[in-house]
>>> print(open('structure_29.cif').read())   # mmCIF, C-alpha atoms
data_coords
#
loop_
_atom_site.group_PDB
_atom_site.id
_atom_site.type_symbol
_atom_site.label_atom_id
_atom_site.label_comp_id
_atom_site.auth_asym_id
_atom_site.auth_seq_id
_atom_site.Cartn_x
_atom_site.Cartn_y
_atom_site.Cartn_z
ATOM 1 C CA ARG A 25 0.000 0.000 0.000
ATOM 2 C CA GLY A 26 2.885 2.385 0.784
ATOM 3 C CA ARG A 27 4.314 1.782 -2.688
ATOM 4 C CA ASN A 28 0.920 2.546 -4.276
ATOM 5 C CA ASN A 29 0.614 5.768 -2.278
ATOM 6 C CA GLY A 30 4.106 6.762 -3.368
ATOM 7 C CA GLY A 31 3.234 6.194 -7.047
ATOM 8 C CA GLY A 32 0.043 8.218 -6.678
ATOM 9 C CA ALA A 33 1.939 11.100 -5.117
ATOM 10 C CA MET A 34 4.452 10.996 -7.961
ATOM 11 C CA ARG A 35 1.669 11.100 -10.580
ATOM 12 C CA LEU A 36 -0.005 13.961 -8.725
ATOM 13 C CA ALA A 37 3.254 15.949 -8.631
ATOM 14 C CA VAL A 38 3.822 15.414 -12.378
ATOM 15 C CA GLY A 39 0.247 16.481 -13.122
ATOM 16 C CA LEU A 40 0.566 19.649 -11.058
ATOM 17 C CA LEU A 41 3.854 20.480 -12.771
ATOM 18 C CA ALA A 42 2.231 20.082 -16.172
ATOM 19 C CA ILE A 43 -0.674 22.335 -15.155
ATOM 20 C CA ALA A 44 1.745 24.961 -13.837
ATOM 21 C CA SER A 45 3.651 24.872 -17.107
ATOM 22 C CA LEU A 46 0.464 25.372 -19.124
ATOM 23 C CA LEU A 47 -0.590 28.271 -16.913
ATOM 24 C CA ALA A 48 2.808 29.896 -17.369
ATOM 25 C CA VAL A 49 2.472 29.666 -21.143
ATOM 26 C CA SER A 50 -1.110 30.954 -21.134
ATOM 27 C CA ASP A 51 -0.130 33.882 -18.907
ATOM 28 C CA GLY A 52 2.653 34.811 -21.295
ATOM 29 C CA GLN A 53 5.307 34.181 -18.636
ATOM 30 C CA MET A 54 7.241 31.655 -20.671
ATOM 31 C CA ASN A 55 10.174 33.430 -22.296
ATOM 32 C CA LEU A 56 10.661 32.141 -25.826
ATOM 33 C CA TYR A 57 14.172 33.568 -25.835
ATOM 34 C CA ASP A 58 15.218 32.011 -22.507
ATOM 35 C CA PRO A 59 18.095 29.563 -23.168
ATOM 36 C CA HIS A 60 16.688 27.297 -20.442
ATOM 37 C CA ASP A 61 13.412 26.808 -22.337
ATOM 38 C CA ASP A 62 14.971 24.335 -24.768
ATOM 39 C CA ALA A 63 11.678 23.067 -26.170
ATOM 40 C CA LEU A 64 10.576 26.577 -27.189
ATOM 41 C CA ASP A 65 13.926 28.147 -27.978
ATOM 42 C CA HIS A 66 13.692 28.490 -31.758
ATOM 43 C CA VAL A 67 16.285 31.241 -32.220
ATOM 44 C CA GLN A 68 19.288 30.311 -34.314
ATOM 45 C CA PRO A 69 22.571 32.186 -34.686
ATOM 46 C CA ASN A 70 22.719 34.787 -37.457
ATOM 47 C CA LYS A 71 26.384 35.598 -37.901
ATOM 48 C CA PRO A 72 26.016 37.686 -41.103
ATOM 49 C CA HIS A 73 23.556 40.049 -39.424
ATOM 50 C CA ALA A 74 25.595 40.164 -36.213
ATOM 51 C CA ASP A 75 28.764 41.023 -38.160
ATOM 52 C CA ALA A 76 26.958 43.731 -40.165
ATOM 53 C CA LEU A 77 25.593 45.286 -36.973
ATOM 54 C CA ARG A 78 29.051 45.364 -35.436
ATOM 55 C CA LYS A 79 30.348 47.185 -38.525
ATOM 56 C CA LEU A 80 27.518 49.671 -38.050
ATOM 57 C CA ARG A 81 28.649 50.033 -34.431
ATOM 58 C CA ALA A 82 32.228 50.665 -35.508
ATOM 59 C CA GLY A 83 31.075 53.432 -37.858
ATOM 60 C CA LEU A 84 28.921 55.047 -35.174
ATOM 61 C CA ALA A 85 31.864 55.291 -32.827
ATOM 62 C CA ASN A 86 30.325 57.787 -30.410
ATOM 63 C CA ASP A 87 27.588 55.970 -28.464
ATOM 64 C CA PRO A 88 27.102 57.966 -25.246
ATOM 65 C CA HIS A 89 24.185 55.856 -23.992
ATOM 66 C CA GLY A 90 25.906 52.519 -24.630
ATOM 67 C CA MET A 91 23.166 51.354 -27.010
ATOM 68 C CA MET A 92 25.516 49.024 -28.867
ATOM 69 C CA ARG A 93 27.885 48.061 -26.051
ATOM 70 C CA TRP A 94 26.548 44.523 -25.702
ATOM 71 C CA TRP A 95 26.273 43.700 -29.400
ATOM 72 C CA GLU A 96 28.392 40.593 -29.031
ATOM 73 C CA GLY A 97 28.018 36.993 -30.158
ATOM 74 C CA ASP A 98 25.996 35.741 -33.115
ATOM 75 C CA TYR A 99 22.457 35.925 -31.670
ATOM 76 C CA PRO A 100 21.099 39.446 -32.347
ATOM 77 C CA CYS A 101 17.531 38.113 -32.108
ATOM 78 C CA LYS A 102 17.821 36.156 -28.833
ATOM 79 C CA MET A 103 16.767 38.518 -26.040
ATOM 80 C CA PRO A 104 17.162 41.034 -28.888
ATOM 81 C CA TRP A 105 20.054 43.451 -28.738
ATOM 82 C CA ARG A 106 19.193 47.005 -27.685
ATOM 83 C CA GLY A 107 17.784 48.972 -30.586
ATOM 84 C CA ILE A 108 17.106 45.789 -32.564
ATOM 85 C CA ARG A 109 13.856 44.012 -33.352
ATOM 86 C CA CYS A 110 13.336 40.704 -35.137
ATOM 87 C CA GLU A 111 9.765 40.091 -36.243
ATOM 88 C CA GLY A 112 8.498 36.819 -37.652
ATOM 89 C CA GLY A 113 11.800 34.993 -37.878
ATOM 90 C CA ASN A 114 15.488 34.979 -37.129
ATOM 91 C CA GLY A 115 16.453 38.010 -39.202
ATOM 92 C CA VAL A 116 16.868 41.596 -38.031
ATOM 93 C CA THR A 117 13.854 43.620 -39.201
ATOM 94 C CA HIS A 118 14.153 46.888 -37.247
ATOM 95 C CA ILE A 119 17.088 49.098 -36.281
ATOM 96 C CA GLU A 120 15.592 51.801 -34.052
ATOM 97 C CA MET A 121 18.117 54.121 -32.429
ATOM 98 C CA SER A 122 16.749 57.633 -32.727
ATOM 99 C CA ASN A 123 17.570 60.304 -30.133
ATOM 100 C CA ARG A 124 20.635 58.474 -28.814
ATOM 101 C CA GLY A 125 23.389 61.031 -29.401
ATOM 102 C CA LEU A 126 25.101 58.789 -31.947
ATOM 103 C CA SER A 127 27.748 60.248 -34.227
ATOM 104 C CA GLY A 128 29.920 58.851 -36.983
ATOM 105 C CA HIS A 129 28.917 57.368 -40.327
ATOM 106 C CA ILE A 130 26.563 54.658 -41.584
ATOM 107 C CA ASP A 131 28.662 51.710 -42.728
ATOM 108 C CA PRO A 132 27.623 50.210 -46.101
ATOM 109 C CA ALA A 133 27.486 46.812 -44.357
ATOM 110 C CA ILE A 134 23.925 47.839 -43.488
ATOM 111 C CA GLY A 135 23.049 46.547 -46.954
ATOM 112 C CA LEU A 136 23.831 42.970 -45.845
ATOM 113 C CA ILE A 137 20.860 42.836 -43.465
ATOM 114 C CA GLU A 138 18.497 41.662 -46.178
ATOM 115 C CA THR A 139 15.471 41.318 -43.876
ATOM 116 C CA LEU A 140 15.618 44.931 -42.663
ATOM 117 C CA GLN A 141 12.286 46.783 -42.822
ATOM 118 C CA VAL A 142 12.911 49.875 -40.680
ATOM 119 C CA LEU A 143 16.110 51.916 -40.354
ATOM 120 C CA ASP A 144 15.504 54.717 -37.866
ATOM 121 C CA LEU A 145 18.567 56.733 -36.886
ATOM 122 C CA GLY A 146 16.824 60.098 -36.670
ATOM 123 C CA ASN A 147 17.749 62.912 -34.291
ATOM 124 C CA ASN A 148 21.411 62.037 -33.870
ATOM 125 C CA PHE A 149 24.701 63.577 -35.054
ATOM 126 C CA ILE A 150 25.535 61.239 -37.938
ATOM 127 C CA PHE A 151 27.624 62.802 -40.682
ATOM 128 C CA HIS A 152 29.309 61.820 -43.972
ATOM 129 C CA GLU A 153 27.194 60.627 -46.887
ATOM 130 C CA ILE A 154 24.195 58.303 -47.182
ATOM 131 C CA PRO A 155 25.289 54.821 -48.422
ATOM 132 C CA GLY A 156 22.699 54.840 -51.191
ATOM 133 C CA GLU A 157 23.706 51.678 -53.021
ATOM 134 C CA ALA A 158 23.725 49.646 -49.814
ATOM 135 C CA ILE A 159 20.308 50.946 -48.777
ATOM 136 C CA ALA A 160 18.852 50.307 -52.240
ATOM 137 C CA ASN A 161 19.905 46.663 -51.882
ATOM 138 C CA LEU A 162 17.531 46.242 -48.936
ATOM 139 C CA THR A 163 14.554 44.889 -50.846
ATOM 140 C CA ARG A 164 12.284 44.821 -47.769
ATOM 141 C CA LEU A 165 13.148 48.243 -46.370
ATOM 142 C CA GLU A 166 9.989 50.325 -45.915
ATOM 143 C CA THR A 167 11.100 53.153 -43.615
ATOM 144 C CA LEU A 168 14.299 55.168 -43.939
ATOM 145 C CA ASN A 169 14.420 57.830 -41.237
ATOM 146 C CA LEU A 170 17.637 59.838 -41.049
ATOM 147 C CA HIS A 171 15.910 63.082 -40.055
ATOM 148 C CA ASN A 172 17.821 65.720 -38.096
ATOM 149 C CA ASN A 173 21.415 64.594 -38.423
ATOM 150 C CA LYS A 174 24.513 66.152 -40.007
ATOM 151 C CA LEU A 175 24.472 64.185 -43.251
ATOM 152 C CA ARG A 176 26.359 65.777 -46.130
ATOM 153 C CA GLY A 177 26.765 65.237 -49.840
ATOM 154 C CA LYS A 178 23.975 64.538 -52.294
ATOM 155 C CA ILE A 179 20.841 62.450 -52.037
ATOM 156 C CA PRO A 180 21.965 59.190 -53.665
ATOM 157 C CA PRO A 181 20.167 58.556 -56.973
ATOM 158 C CA GLU A 182 20.590 54.836 -56.186
ATOM 159 C CA LEU A 183 17.682 55.165 -53.765
ATOM 160 C CA GLY A 184 15.512 55.170 -56.876
ATOM 161 C CA ASN A 185 16.327 51.485 -57.313
ATOM 162 C CA SER A 186 14.402 50.607 -54.159
ATOM 163 C CA THR A 187 11.360 48.429 -54.702
ATOM 164 C CA SER A 188 9.947 48.685 -51.175
ATOM 165 C CA LEU A 189 10.477 52.127 -49.604
ATOM 166 C CA VAL A 190 7.293 53.700 -48.247
ATOM 167 C CA HIS A 191 8.691 56.510 -46.065
ATOM 168 C CA ILE A 192 11.855 58.555 -46.683
ATOM 169 C CA GLY A 193 12.745 61.133 -44.034
ATOM 170 C CA LEU A 194 15.913 63.146 -44.743
ATOM 171 C CA SER A 195 14.889 66.561 -43.426
ATOM 172 C CA ARG A 196 17.097 68.773 -41.250
ATOM 173 C CA ASN A 197 20.443 67.680 -42.638
ATOM 174 C CA LEU A 198 23.189 69.341 -44.678
ATOM 175 C CA LEU A 199 22.363 67.658 -47.968
ATOM 176 C CA ALA A 200 23.072 69.639 -51.132
ATOM 177 C CA GLY A 201 22.758 69.261 -54.884
ATOM 178 C CA PRO A 202 19.653 68.473 -56.924
ATOM 179 C CA ILE A 203 16.751 66.226 -55.994
ATOM 180 C CA PRO A 204 17.430 63.036 -57.973
ATOM 181 C CA LYS A 205 14.804 62.409 -60.629
ATOM 182 C CA GLU A 206 15.339 58.706 -59.922
ATOM 183 C CA LEU A 207 13.238 59.049 -56.770
ATOM 184 C CA GLY A 208 10.252 59.100 -59.097
ATOM 185 C CA LYS A 209 10.802 55.400 -59.755
ATOM 186 C CA ILE A 210 9.967 54.322 -56.175
ATOM 187 C CA GLN A 211 6.413 53.256 -56.898
ATOM 188 C CA THR A 212 5.774 52.259 -53.266
ATOM 189 C CA LEU A 213 6.591 55.685 -51.825
ATOM 190 C CA VAL A 214 3.939 57.370 -49.645
ATOM 191 C CA SER A 215 5.968 60.009 -47.778
ATOM 192 C CA LEU A 216 8.985 62.030 -48.955
ATOM 193 C CA ASP A 217 10.383 64.646 -46.562
ATOM 194 C CA LEU A 218 13.457 66.527 -47.800
ATOM 195 C CA ALA A 219 12.839 69.818 -45.985
ATOM 196 C CA MET A 220 15.477 72.028 -44.368
ATOM 197 C CA ASN A 221 18.527 71.065 -46.384
ATOM 198 C CA PHE A 222 20.547 72.917 -49.028
ATOM 199 C CA LEU A 223 19.020 71.258 -52.078
ATOM 200 C CA ASN A 224 19.155 73.258 -55.295
ATOM 201 C CA GLY A 225 18.124 72.951 -58.917
ATOM 202 C CA THR A 226 14.560 72.437 -60.044
ATOM 203 C CA ILE A 227 11.776 70.208 -58.771
ATOM 204 C CA PRO A 228 11.973 67.023 -60.866
ATOM 205 C CA ALA A 229 8.750 66.431 -62.769
ATOM 206 C CA GLU A 230 9.322 62.697 -62.279
ATOM 207 C CA LEU A 231 7.995 63.036 -58.734
ATOM 208 C CA GLY A 232 4.603 63.117 -60.412
ATOM 209 C CA ASP A 233 5.051 59.407 -61.162
ATOM 210 C CA LEU A 234 4.704 58.584 -57.453
ATOM 211 C CA ILE A 235 1.061 57.621 -57.638
ATOM 212 C CA TYR A 236 0.730 56.715 -53.926
ATOM 213 C CA LEU A 237 2.513 59.789 -52.570
ATOM 214 C CA ALA A 238 0.534 61.393 -49.723
ATOM 215 C CA GLU A 239 3.156 63.717 -48.217
ATOM 216 C CA LEU A 240 5.713 65.796 -50.107
ATOM 217 C CA ASN A 241 7.795 68.295 -48.147
ATOM 218 C CA LEU A 242 10.455 70.243 -50.048
ATOM 219 C CA GLY A 243 10.335 73.359 -47.876
ATOM 220 C CA LYS A 244 13.311 75.459 -46.753
ATOM 221 C CA ASN A 245 15.782 74.551 -49.453
ATOM 222 C CA ARG A 246 17.289 76.475 -52.382
ATOM 223 C CA LEU A 247 15.116 75.156 -55.179
ATOM 224 C CA ARG A 248 14.658 77.331 -58.265
ATOM 225 C CA GLY A 249 12.612 77.382 -61.430
ATOM 226 C CA GLY A 250 8.922 76.915 -61.925
ATOM 227 C CA ILE A 251 6.537 74.455 -60.325
ATOM 228 C CA PRO A 252 6.021 71.558 -62.786
ATOM 229 C CA GLY A 253 2.256 71.793 -62.354
ATOM 230 C CA ARG A 254 0.740 69.469 -64.956
ATOM 231 C CA ARG A 255 3.549 66.929 -64.687
ATOM 232 C CA LEU A 256 3.710 66.904 -60.896
ATOM 233 C CA ILE A 257 -0.064 66.659 -60.476
ATOM 234 C CA PRO A 258 -1.686 65.449 -63.727
ATOM 235 C CA GLU A 259 -5.203 66.612 -64.492
ATOM 236 C CA ASP A 260 -6.378 63.151 -65.551
ATOM 237 C CA ARG A 261 -5.503 61.313 -62.323
ATOM 238 C CA VAL A 262 -6.742 61.704 -58.770
ATOM 239 C CA SER A 263 -3.780 62.608 -56.587
ATOM 240 C CA LYS A 264 -3.260 60.933 -53.211
ATOM 241 C CA LEU A 265 -1.462 63.983 -51.816
ATOM 242 C CA VAL A 266 -2.646 65.146 -48.402
ATOM 243 C CA THR A 267 0.194 67.561 -47.643
ATOM 244 C CA LEU A 268 2.237 69.524 -50.190
ATOM 245 C CA ARG A 269 4.864 71.929 -48.833
ATOM 246 C CA MET A 270 7.276 73.929 -51.009
ATOM 247 C CA SER A 271 7.750 77.032 -48.862
ATOM 248 C CA SER A 272 10.956 79.043 -48.386
ATOM 249 C CA ASN A 273 12.619 78.307 -51.701
ATOM 250 C CA MET A 274 13.258 80.466 -54.769
ATOM 251 C CA LEU A 275 10.483 79.103 -56.966
ATOM 252 C CA GLU A 276 9.411 81.353 -59.827
ATOM 253 C CA GLY A 277 6.510 81.686 -62.232
ATOM 254 C CA THR A 278 2.851 81.275 -61.367
ATOM 255 C CA VAL A 279 0.793 78.972 -59.202
ATOM 256 C CA PRO A 280 -0.375 76.149 -61.496
ATOM 257 C CA THR A 281 -3.825 76.954 -62.841
ATOM 258 C CA THR A 282 -4.553 73.262 -63.418
ATOM 259 C CA TRP A 283 -4.542 72.312 -59.742
ATOM 260 C CA GLY A 284 -8.058 71.724 -58.558
ATOM 261 C CA SER A 285 -10.522 68.885 -58.105
ATOM 262 C CA GLN A 286 -7.976 66.151 -58.913
ATOM 263 C CA LEU A 287 -6.345 66.996 -55.551
ATOM 264 C CA LYS A 288 -9.168 65.146 -53.873
ATOM 265 C CA TYR A 289 -7.388 64.474 -50.577
ATOM 266 C CA LEU A 290 -5.183 67.571 -50.262
ATOM 267 C CA GLN A 291 -5.556 69.374 -46.934
ATOM 268 C CA ILE A 292 -2.442 71.552 -46.708
ATOM 269 C CA LEU A 293 -0.854 73.510 -49.582
ATOM 270 C CA ASP A 294 2.095 75.715 -48.617
ATOM 271 C CA LEU A 295 3.766 77.750 -51.381
ATOM 272 C CA SER A 296 4.760 80.675 -49.147
ATOM 273 C CA ARG A 297 8.063 82.554 -49.200
ATOM 274 C CA ASN A 298 8.988 82.063 -52.842
ATOM 275 C CA TRP A 299 9.171 84.349 -55.901
ATOM 276 C CA LEU A 300 5.802 83.434 -57.388
ATOM 277 C CA ILE A 301 3.920 86.053 -59.417
ATOM 278 C CA GLY A 302 0.578 86.476 -61.165
ATOM 279 C CA ASP A 303 -2.940 85.796 -59.995
ATOM 280 C CA VAL A 304 -4.126 83.345 -57.374
ATOM 281 C CA PRO A 305 -5.926 80.688 -59.455
ATOM 282 C CA PRO A 306 -9.654 80.368 -58.627
ATOM 283 C CA ALA A 307 -9.347 76.631 -59.386
ATOM 284 C CA LEU A 308 -7.714 76.173 -55.982
ATOM 285 C CA ALA A 309 -11.202 76.530 -54.536
ATOM 286 C CA ASP A 310 -12.104 73.259 -56.293
ATOM 287 C CA ILE A 311 -9.780 71.304 -54.003
ATOM 288 C CA PRO A 312 -12.542 69.688 -51.934
ATOM 289 C CA ASN A 313 -10.771 69.017 -48.612
ATOM 290 C CA LEU A 314 -8.358 71.950 -48.527
ATOM 291 C CA ARG A 315 -7.979 73.326 -44.970
ATOM 292 C CA GLU A 316 -4.794 75.416 -45.141
ATOM 293 C CA LEU A 317 -3.537 77.561 -48.021
ATOM 294 C CA TRP A 318 -0.284 79.473 -47.503
ATOM 295 C CA LEU A 319 0.671 81.933 -50.266
ATOM 296 C CA ASN A 320 2.268 84.748 -48.256
ATOM 297 C CA HIS A 321 5.613 86.418 -48.986
ATOM 298 C CA ASN A 322 5.514 85.989 -52.748
ATOM 299 C CA LYS A 323 5.413 88.564 -55.530
ATOM 300 C CA PHE A 324 1.771 88.327 -56.544
ATOM 301 C CA MET A 325 1.188 91.548 -58.448
ATOM 302 C CA ARG A 326 -2.308 91.411 -59.866
ATOM 303 C CA GLY A 327 -5.787 91.108 -58.478
ATOM 304 C CA GLU A 328 -7.249 90.129 -55.168
ATOM 305 C CA THR A 329 -7.732 86.699 -53.648
ATOM 306 C CA PRO A 330 -10.660 85.127 -55.562
ATOM 307 C CA SER A 331 -13.916 85.290 -53.617
ATOM 308 C CA VAL A 332 -14.467 81.568 -54.191
ATOM 309 C CA LEU A 333 -11.419 81.014 -51.976
ATOM 310 C CA THR A 334 -12.266 83.564 -49.317
ATOM 311 C CA ASN A 335 -15.770 82.090 -49.102
ATOM 312 C CA LYS A 336 -14.530 78.513 -48.902
ATOM 313 C CA GLY A 337 -14.223 78.564 -45.116
ATOM 314 C CA LEU A 338 -10.559 77.525 -44.949
ATOM 315 C CA GLN A 339 -9.084 77.136 -41.486
ATOM 316 C CA VAL A 340 -5.984 78.999 -42.702
ATOM 317 C CA LEU A 341 -5.754 81.345 -45.704
ATOM 318 C CA VAL A 342 -2.605 83.438 -45.693
ATOM 319 C CA ARG A 343 -1.673 85.564 -48.673
#
>>> encode(input="structure_29.cif", output="structure tokens")
Amino acid sequence: RGRNNGGGAMRLAVGLLAIASLLAVSDGQMNLYDPHDDALDHVQPNKPHADALRKLRAGLANDPHGMMRWWEGDYPCKMPWRGIRCEGGNGVTHIEMSNRGLSGHIDPAIGLIETLQVLDLGNNFIFHEIPGEAIANLTRLETLNLHNNKLRGKIPPELGNSTSLVHIGLSRNLLAGPIPKELGKIQTLVSLDLAMNFLNGTIPAELGDLIYLAELNLGKNRLRGGIPGRRLIPEDRVSKLVTLRMSSNMLEGTVPTTWGSQLKYLQILDLSRNWLIGDVPPALADIPNLRELWLNHNKFMRGETPSVLTNKGLQVLVR
């Protein structure tokens, strides 16, 4: 009888242990990245990604918050390294290190992380040039945020070879030269922010080929020439643009008279602080969802603001 009681106690203990294990899993307390959870530990080493990240670390030599201090070994996705995320597999998908005081340069080895979807190094002190060819090789990259750094040189035309970019944020840098017409080939692009640089030349008409573009910000640069009205926003196609900013440049000529009802979703149009002349086109009143229209500090010489605009009930109308 003692032996039977001992066996029953053993079975009871095993059963309770199994129940406790199930409760731990259901409560989310089981750590899939814990090396002691052998049955659930699915993470494998990824030496190519680990090596590429260490080259990135070497280029960003000033790391005052120690973000990359513990980037050692070949397991960037096991208890993921700081600033790193790995979604849906064993490859690095996100590098998120904005506002970390980083300085240095972006090593072209970044192009070896083929699963990368988000590269966010905004609000740092990164200088040198953008490794355009390496970034264009990232066929899954959707977000490139290098906003508010010290990047120099030109915007790489190689970025136009990307087949996946949705958001490009390069504002508040020291970039110079023309806007590459090749950017018009990125058919996936929704947001393009190039404001507050030293870009010059004309606005490439090829940007009108970006059929999904919702935000275009070219403000506070040194752009010249006329606005490519019909080419940038064709009359025979509904534009997806919600925000269009071109303020504080040296744009000349007139406000396009063809802009109107095809800008179905446009809410903000800012053409202020340029060298525009002529009349304010009444067709702007046909933009159905327009809330803000900024035309101030130009050289409009003739006529008054059309009554169809003043009667439209805009939240902001500044001329």
>>> resolve_selection(input="structure_29.cif", expression="the PyMOL selection byres ((chain A and resi 242) around 12)", output="ChimeraX atom specification")
/A:193-196,202-203,215-224,226-228,231,239-241,243-248,251,267-275,293-296
>>> residues_around(input="structure_29.cif", residues="segment 149-160 of chain A", least_positions_apart="6", cutoff="9 Å", atoms="only C-alpha atoms", output="ChimeraX atom specification")
/A:84,125-136,168,170,172-187,189,197-199
>>> closest_residue(input="structure_29.cif", among="A:Leu290, A:Ala76, A:Met92, A:Ile301", to="Phe324 of chain A", atoms="all atoms listed in the file")
A:Ile301
>>> resolve_selection(input="structure_29.cif", expression="the PyMOL selection byres ((chain A and resi 299) around 8)", output="PyMOL selection string")
chain A and resi 274-277+297-298+300-301+322-323
>>> residues_around(input="structure_29.cif", residues="segment 111-120 of chain A", least_positions_apart="6", cutoff="9 Å", atoms="all atoms listed in the file", output="ChimeraX atom specification")
/A:66-70,73,99-102,137-146,164-165
>>> atom_distance(input="structure_29.cif", atom1="atom CA of Glu316 of chain A", atom2="atom CA of Val279 of chain A")
15.5 Å
>>> atom_distance(input="structure_29.cif", atom1="atom CA of Lys205 of chain A", atom2="atom CA of Gln291 of chain A")
25.5 Å
>>> closest_atom_pairs(input="structure_29.cif", of="segment 212-249 of chain A", to="segment 253-260 of chain A", cutoff="8 Å", atoms="only C-alpha atoms", output="Markdown table")
| residue | atom | partner | partner_atom | distance |
| --- | --- | --- | --- | --- |
| A:Ala229 | CA | A:Leu256 | CA | 5.4 |
| A:Glu230 | CA | A:Leu256 | CA | 7.1 |
| A:Leu231 | CA | A:Leu256 | CA | 6.2 |
| A:Gly232 | CA | A:Leu256 | CA | 3.9 |
| A:Asp233 | CA | A:Leu256 | CA | 7.6 |
>>> residues_near_point(input="structure_29.cif", point="(1.8, 57.9, -50.4)", cutoff="6 Å", atoms="only C-alpha atoms", output="list in words")
Leu213, Val214, Ser215, Tyr236, Leu237 and Ala238 of chain A
>>> write_last_selection(input="structure_29.cif", atoms="C-alpha atoms", output="PDB file, in the frame of the given file")
ATOM      1  CA  LEU A 213       6.591  55.685 -51.825  1.00  0.00           C
ATOM      2  CA  VAL A 214       3.939  57.370 -49.645  1.00  0.00           C
ATOM      3  CA  SER A 215       5.968  60.009 -47.778  1.00  0.00           C
ATOM      4  CA  TYR A 236       0.730  56.715 -53.926  1.00  0.00           C
ATOM      5  CA  LEU A 237       2.513  59.789 -52.570  1.00  0.00           C
ATOM      6  CA  ALA A 238       0.534  61.393 -49.723  1.00  0.00           C
TER       7      ALA A 238
END
>>> residues_near_point(input="structure_29.cif", point="(-14.3, 78.1, -56.4)", cutoff="9 Å", atoms="only C-alpha atoms", output="PyMOL selection string")
chain A and resi 306-311+330-333+335-336
>>> atom_distance(input="structure_29.cif", atom1="atom CA of Asn313 of chain A", atom2="atom CA of Glu166 of chain A")
28.1 Å
>>> resolve_selection(input="structure_29.cif", expression="the PyMOL selection byres ((chain A and resi 342) around 7)", output="count of residues only")
7
